[in-house]
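Undergrad: Enclosed is the structure file start23.cif (mmCIF, C-alpha atoms).
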data_input
loop_
_atom_site.label_atom_id
_atom_site.label_comp_id
_atom_site.auth_asym_id
_atom_site.auth_seq_id
_atom_site.Cartn_x
_atom_site.Cartn_y
_atom_site.Cartn_z
CA MET A 9 0.00 0.00 0.00
CA ASN A 10 2.81 2.34 0.89
CA GLU A 11 4.47 1.60 -2.45
CA ALA A 12 1.23 2.27 -4.29
CA LEU A 13 0.76 5.65 -2.58
CA TRP A 14 4.37 6.51 -3.31
CA ALA A 15 3.91 5.71 -7.01
CA LEU A 16 0.62 7.65 -7.04
CA GLY A 17 2.27 10.65 -5.39
CA ARG A 18 5.09 10.74 -7.91
CA SER A 19 2.96 10.22 -11.01
CA THR A 20 0.25 12.72 -10.04
CA GLY A 21 2.98 15.31 -9.47
CA VAL A 22 4.27 14.85 -13.00
CA VAL A 23 0.75 14.91 -14.46
CA ALA A 24 -0.08 18.07 -12.49
CA LEU A 25 3.04 19.78 -13.86
CA ALA A 26 2.13 18.70 -17.40
CA LEU A 27 -1.41 20.06 -17.00
CA ILE A 28 -0.17 23.34 -15.50
CA THR A 29 2.21 23.67 -18.46
CA VAL A 30 -0.64 23.09 -20.93
CA SER A 31 -2.77 25.60 -19.04
CA VAL A 32 -0.03 28.24 -19.19
CA LEU A 33 0.28 27.69 -22.95
CA LEU A 34 -3.50 27.95 -23.43
CA GLY A 35 -3.62 31.04 -21.21
CA ILE A 36 -1.01 32.77 -23.36
CA VAL A 37 -2.94 31.82 -26.52
CA ASN A 38 -6.09 33.24 -24.85
CA ARG A 39 -4.36 36.50 -24.07
CA SER A 40 -3.28 36.93 -27.68
CA GLY A 41 -6.95 37.02 -28.67
CA ARG A 42 -6.17 34.76 -31.60
CA SER A 43 -8.03 31.60 -32.52
CA PRO A 44 -5.51 28.77 -32.75
CA ALA A 45 -6.03 26.58 -35.84
CA GLY A 46 -9.47 28.11 -36.34
CA LEU A 47 -10.78 26.87 -32.97
CA PRO A 48 -13.29 29.21 -31.35
CA ARG A 49 -11.70 31.50 -28.76
CA PHE A 50 -14.35 30.75 -26.14
CA SER A 51 -13.60 27.02 -26.38
CA VAL A 52 -9.90 27.65 -25.79
CA ALA A 53 -10.84 29.76 -22.76
CA LEU A 54 -13.00 26.93 -21.41
CA VAL A 55 -10.31 24.29 -22.00
CA HIS A 56 -7.81 26.61 -20.25
CA ARG A 57 -10.12 26.74 -17.24
CA ASN A 58 -10.88 23.02 -17.20
CA VAL A 59 -7.25 21.95 -17.61
CA SER A 60 -6.36 24.20 -14.66
CA LEU A 61 -9.09 22.64 -12.54
CA LEU A 62 -7.91 19.16 -13.54
CA ALA A 63 -4.36 20.15 -12.55
CA THR A 64 -5.73 21.24 -9.16
CA VAL A 65 -7.39 17.82 -8.69
CA PHE A 66 -4.17 16.00 -9.57
CA LEU A 67 -2.30 18.29 -7.20
CA GLY A 68 -4.76 17.39 -4.45
CA VAL A 69 -4.09 13.67 -5.03
CA HIS A 70 -0.35 14.43 -5.17
CA LEU A 71 -0.51 16.05 -1.73
CA LEU A 72 -2.80 13.52 -0.04
CA SER A 73 -1.00 10.45 -1.37
CA LEU A 74 2.33 11.69 -0.05
CA LEU A 75 0.89 12.64 3.33
CA GLY A 76 2.20 10.18 5.87
CA ASP A 77 4.73 8.77 3.43
CA SER A 78 7.70 7.54 5.43
CA TYR A 79 10.24 9.13 3.10
CA ALA A 80 8.60 12.48 2.36
CA GLN A 81 7.61 12.89 6.05
CA LEU A 82 4.94 15.42 5.18
CA ARG A 83 2.81 17.12 7.77
CA LEU A 84 -0.38 19.04 7.09
CA VAL A 85 1.38 22.34 7.77
CA ASP A 86 3.69 21.61 4.80
CA PHE A 87 0.67 21.88 2.51
CA VAL A 88 0.37 25.61 3.19
CA VAL A 89 3.46 26.92 5.01
CA PRO A 90 6.63 26.55 2.93
CA PHE A 91 10.15 25.55 4.00
CA LEU A 92 9.23 23.74 7.25
CA GLY A 93 9.60 20.25 5.78
CA ALA A 94 11.61 17.49 7.42
CA ALA A 95 13.11 16.13 4.20
CA LYS A 96 14.60 18.50 1.58
CA PRO A 97 12.85 21.53 3.15
CA PHE A 98 13.87 23.93 0.36
CA TRP A 99 12.68 21.83 -2.57
CA LEU A 100 9.56 20.75 -0.72
CA GLY A 101 8.96 24.39 0.21
CA LEU A 102 8.94 25.35 -3.47
CA GLY A 103 6.14 22.82 -3.95
CA THR A 104 4.24 24.42 -1.08
CA VAL A 105 4.74 27.88 -2.60
CA ALA A 106 3.38 26.55 -5.90
CA VAL A 107 0.33 25.09 -4.10
CA ASP A 108 -0.37 28.41 -2.37
CA LEU A 109 -0.02 30.32 -5.63
CA LEU A 110 -2.21 27.84 -7.50
CA ILE A 111 -4.96 28.13 -4.87
CA ALA A 112 -4.83 31.94 -5.17
CA VAL A 113 -4.87 31.87 -8.98
CA VAL A 114 -7.67 29.29 -9.21
CA VAL A 115 -9.89 30.91 -6.56
CA THR A 116 -9.59 34.41 -8.05
CA GLY A 117 -10.10 32.87 -11.50
CA LEU A 118 -13.35 31.19 -10.48
CA LEU A 119 -14.52 34.27 -8.56
CA ARG A 120 -13.45 36.65 -11.34
CA ARG A 121 -16.73 38.51 -11.38
CA ARG A 122 -16.69 38.78 -7.58
CA VAL A 123 -13.14 40.07 -7.10
CA GLY A 124 -13.07 42.29 -10.18
CA VAL A 125 -10.71 42.60 -13.11
CA ARG A 126 -7.86 44.31 -11.27
CA VAL A 127 -7.49 41.70 -8.53
CA PHE A 128 -8.03 38.88 -11.02
CA ARG A 129 -5.30 40.13 -13.35
CA ALA A 130 -2.83 40.95 -10.58
CA VAL A 131 -3.18 37.47 -9.05
CA HIS A 132 -3.26 35.75 -12.44
CA TRP A 133 0.16 37.24 -13.25
CA LEU A 134 1.52 35.11 -10.37
CA THR A 135 1.22 32.14 -12.74
CA TYR A 136 4.51 33.28 -14.25
CA LEU A 137 6.01 32.65 -10.79
CA LEU A 138 3.95 29.54 -10.10
CA TRP A 139 5.10 27.63 -13.17
CA PRO A 140 8.90 27.93 -12.72
CA VAL A 141 8.56 27.29 -8.97
CA ALA A 142 6.53 24.11 -9.64
CA LEU A 143 9.08 23.01 -12.25
CA ALA A 144 11.97 23.64 -9.85
CA HIS A 145 10.15 21.62 -7.17
CA SER A 146 9.69 18.69 -9.54
CA ILE A 147 13.38 18.75 -10.47
CA GLY A 148 14.73 19.32 -6.96
CA ASN A 149 12.33 17.03 -5.09
CA GLY A 150 11.29 14.56 -7.75
CA THR A 151 12.56 11.01 -7.35
CA ASP A 152 12.53 10.62 -11.13
CA ALA A 153 14.34 13.90 -11.90
CA GLY A 154 17.43 12.03 -13.13
CA GLN A 155 15.51 9.68 -15.42
CA ALA A 156 15.82 10.23 -19.16
CA TRP A 157 12.04 10.40 -19.68
CA PHE A 158 11.72 13.09 -17.03
CA VAL A 159 14.59 15.14 -18.45
CA ILE A 160 12.91 15.02 -21.88
CA PHE A 161 9.56 15.95 -20.32
CA ALA A 162 11.07 18.86 -18.38
CA LEU A 163 12.94 20.12 -21.45
CA ALA A 164 9.72 19.96 -23.49
CA CYS A 165 7.93 22.00 -20.80
CA VAL A 166 10.70 24.61 -20.70
CA ALA A 167 10.93 24.82 -24.49
CA SER A 168 7.17 25.21 -25.02
CA VAL A 169 6.60 27.77 -22.26
CA GLY A 170 9.81 29.59 -23.22
CA ALA A 171 8.67 29.85 -26.82
CA ALA A 172 5.20 31.01 -25.76
CA VAL A 173 6.62 33.69 -23.45
CA LEU A 174 8.96 34.93 -26.22
CA TRP A 175 5.95 35.12 -28.55
CA ARG A 176 4.04 36.93 -25.79
CA LEU A 177 6.79 39.58 -25.75
CA THR A 178 6.76 40.25 -29.49
CA PRO A 179 4.99 43.43 -30.70
CA GLY A 180 2.63 41.49 -32.97
CA PHE A 181 1.40 39.19 -30.18
CA VAL A 182 -2.10 40.66 -29.76
CA GLU A 183 -4.55 40.17 -32.61
CA PHE A 184 -5.47 43.44 -34.36
CA ARG A 185 -2.49 45.09 -32.65
CA SER A 186 -0.98 46.31 -35.94
CA VAL A 187 -4.31 47.68 -37.21
CA ARG A 188 -4.97 49.42 -33.89
CA MET A 189 -1.50 51.00 -33.81
CA GLU A 190 -1.82 52.26 -37.41
CA GLN A 191 -4.80 54.39 -36.47
CA ARG A 192 -2.90 56.36 -33.85
CA PRO A 193 -1.91 59.86 -34.97
CA MET B 2 -41.88 50.15 -26.46
CA THR B 3 -43.68 47.63 -28.60
CA ARG B 4 -44.64 44.19 -27.34
CA ASP B 5 -42.16 42.33 -29.51
CA GLU B 6 -39.13 44.31 -28.40
CA PRO B 7 -36.70 42.21 -26.30
CA ARG B 8 -36.66 43.05 -22.59
CA THR B 9 -33.05 41.96 -22.13
CA LEU B 10 -30.18 44.22 -23.09
CA LEU B 11 -26.54 43.24 -23.46
CA HIS B 12 -24.55 46.17 -22.14
CA ILE B 13 -20.99 46.68 -23.40
CA ASP B 14 -18.69 48.65 -21.11
CA TRP B 15 -16.33 50.25 -23.63
CA THR B 16 -13.87 51.29 -20.93
CA ARG B 17 -13.23 47.59 -20.32
CA CYS B 18 -13.71 46.04 -23.76
CA ASP B 19 -10.47 45.00 -25.43
CA GLY B 20 -11.96 43.41 -28.53
CA ARG B 21 -10.87 39.85 -27.72
CA GLY B 22 -13.63 38.45 -29.90
CA LEU B 23 -15.27 35.86 -27.61
CA CYS B 24 -18.66 37.59 -27.53
CA THR B 25 -18.76 37.94 -31.30
CA GLU B 26 -18.18 34.18 -31.59
CA ILE B 27 -20.89 33.30 -29.08
CA LEU B 28 -23.43 35.82 -30.42
CA PRO B 29 -22.79 35.96 -34.18
CA GLU B 30 -26.42 36.90 -34.85
CA LEU B 31 -26.13 39.91 -32.56
CA LEU B 32 -22.56 41.14 -32.88
CA THR B 33 -20.04 41.53 -35.65
CA ARG B 34 -16.43 42.69 -35.32
CA ASP B 35 -15.31 46.07 -36.52
CA ASP B 36 -12.00 46.65 -38.30
CA TRP B 37 -10.17 46.85 -34.98
CA GLY B 38 -11.67 43.65 -33.54
CA PHE B 39 -14.22 45.30 -31.26
CA PRO B 40 -17.82 44.06 -31.12
CA LEU B 41 -20.27 45.97 -33.23
CA ALA B 42 -24.05 45.81 -33.08
CA PRO B 43 -25.40 47.79 -36.03
CA ARG B 44 -27.74 50.60 -34.85
CA HIS B 45 -27.41 49.73 -31.15
CA GLY B 46 -24.16 51.07 -29.67
CA SER B 47 -23.63 50.04 -26.03
CA ASP B 48 -26.99 48.43 -25.19
CA VAL B 49 -27.87 45.61 -27.55
CA PRO B 50 -31.39 44.10 -27.35
CA VAL B 51 -31.19 40.31 -26.89
CA PRO B 52 -34.02 38.21 -28.38
CA ASP B 53 -35.35 35.53 -25.99
CA ARG B 54 -33.83 32.66 -27.94
CA LEU B 55 -30.34 34.23 -27.54
CA VAL B 56 -30.56 35.03 -23.82
CA ASP B 57 -28.77 31.80 -22.81
CA ALA B 58 -25.96 32.54 -25.25
CA ALA B 59 -25.76 36.10 -23.94
CA VAL B 60 -25.40 34.77 -20.37
CA GLU B 61 -22.49 32.62 -21.62
CA ALA B 62 -20.91 35.61 -23.32
CA VAL B 63 -21.17 37.67 -20.12
CA ALA B 64 -19.56 34.84 -18.12
CA LEU B 65 -16.74 34.26 -20.61
CA CYS B 66 -15.75 37.84 -21.45
CA PRO B 67 -12.07 37.96 -20.47
CA ARG B 68 -12.35 41.63 -19.54
CA LEU B 69 -15.70 41.43 -17.70
CA ALA B 70 -16.92 44.11 -20.08
CA LEU B 71 -20.39 42.63 -20.58
CA SER B 72 -23.50 42.67 -18.42
CA LEU B 73 -27.19 41.98 -18.91
CA LEU B 74 -29.79 44.64 -18.19
CA GLN B 75 -33.56 44.28 -17.98
CA ARG B 76 -35.81 47.05 -19.18
#
Once more with this new file: its structure as structure tokens, please.
TA:
Amino acid sequence: MNEALWALGRSTGVVALALITVSVLLGIVNRSGRSPAGLPRFSVALVHRNVSLLATVFLGVHLLSLLGDSYAQLRLVDFVVPFLGAAKPFWLGLGTVAVDLLIAVVVTGLLRRRVGVRVFRAVHWLTYLLWPVALAHSIGNGTDAGQAWFVIFALACVASVGAAVLWRLTPGFVEFRSVRMEQRP
Amino acid sequence: MTRDEPRTLLHIDWTRCDGRGLCTEILPELLTRDDWGFPLAPRHGSDVPVPDRLVDAAVEAVALCPRLALSLLQR
């Protein structure tokens, strides 16, 4: 049973990171206002939301399955307060930071109309902190970090998000941007 | 106001609208996009009458607007 929980904890962590990566990519596509491959924009927005919620579920399983694990030595406080862990406190703490940030981003995302655009956007920007912190946690704490498949997976995550962020920074990122700029005196 | 006129209005807050195009996809019968990507309802400006059969779609558009620029009004 302990072995099963251990395997579950490791695999759900990797899946959660993959889903968060996909969500970041979809979020950047959303922000551009463009329809990727002719897909409707609202459907991309909905998939962005649902992938994030799925990531949150996997993260929940990741946390609960490792609770009480003899090697990770997690306590409930490690779920919310970073850097108090018994084993690898720094790398575990990064995971805790990522959990806290994800909770903030998801809650303000779901309560967007309640909290207003300013709070929503300010908190949503934290995703650019969340993602690298989660990635660093998976590399620093992950049992499989040295495995070839994980290295390939991590490199694919870095390459895709890196490319998306570079695109995000280009002047032509937002749809209609060039037409809108032309009209300025 | 005549009897057939829709009671529901889709209000567009232009200070928030960024022309992301989601509402024009969800409500193609109601809104088109102007040359700069912003929603355009011919003859209606900021308060667009929503026929009953499109009210559900309008609710979706309000919920999905990335800039929270849409709201529904009753008259």
Undergrad: If the PyMOL selection byres ((chain A) within 12 of (chain B)) is run on the structure shown, which residues does it catch, given as number ranges by chain?
TA: A: 35, 37-43, 46-57, 117-126, 128-129, 182-191
Undergrad: Could you check the closest approach to A:Trp139 for each of A:Val32, A:Val23, A:Val69, A:Val113 and tell me which residue wins, using only C-alpha atoms?
TA: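 Using only C-alpha atoms, the shortest distance to A:Trp139 belongs to A:Val32.
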Undergrad: Out of B:Leu41, B:Val49, B:Leu10, B:Val60, which residue has the shortest atom-to-atom distance to B:Leu74 when counting all atoms listed in the file?
TA: B:Leu10
Undergrad: Could you work out how far atom CA of A:Leu71 lies from atom CA of A:Glu11, giving the answer in Å with one decimal?
TA: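 Distance reported for this atom pair: 15.3 Å.
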Undergrad: Using only C-alpha atoms, find the one residue out of A:Gln81, A:Phe66, A:Val115, A:Val59 that sits nearest to A:Val30.
TA: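 Under the stated criterion, the closest residue is A:Val59.
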Undergrad: Just to confirm, what's the straight-line distance from atom CA of A:Leu102 to atom CA of A:His145 in Å (one decimal)?
TA: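 Calculated distance between atom CA of A:Leu102 and atom CA of A:His145 is 5.4 Å.
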Undergrad: Which residues come within 12 Å of B:His45, counting only C-alpha atoms, excluding same-chain residues fewer than 6 positions away, as a list in words?
TA: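 Answer for this query is Leu10, Leu11, His12, Ile13, Leu31, Leu32, Thr33 and Val51 of chain B.
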Undergrad: Do a neighbour search on A:Ser146 at 9 Å with only C-alpha atoms, toss out local chain neighbours closer than 2 positions, and write the hits as a ChimeraX atom specification.
TA: /A:21-22,25,99,103,141-144,148-153,162
Undergrad: Got a sec: who's within 12 Å of A:Leu92, counting all atoms listed in the file, leaving out chain neighbours fewer than 5 positions off, as a PyMOL selection string?
TA: chain A and resi 81-87+97-105
Undergrad: In Å, rounded to a single decimal, give me how far atom CA of A:Trp157 is from atom CA of A:Leu72.
TA: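 Separation between atom CA of A:Leu72 and atom CA of A:Trp157: 24.8 Å.
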Undergrad: Rank nothing, just name the residue among B:Leu71, B:Trp15, B:Pro7, B:Asp35 nearest to B:Leu55, using only C-alpha atoms.
TA: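 Of B:Leu71, B:Trp15, B:Pro7, B:Asp35, the one nearest B:Leu55 is B:Pro7, counting only C-alpha atoms.
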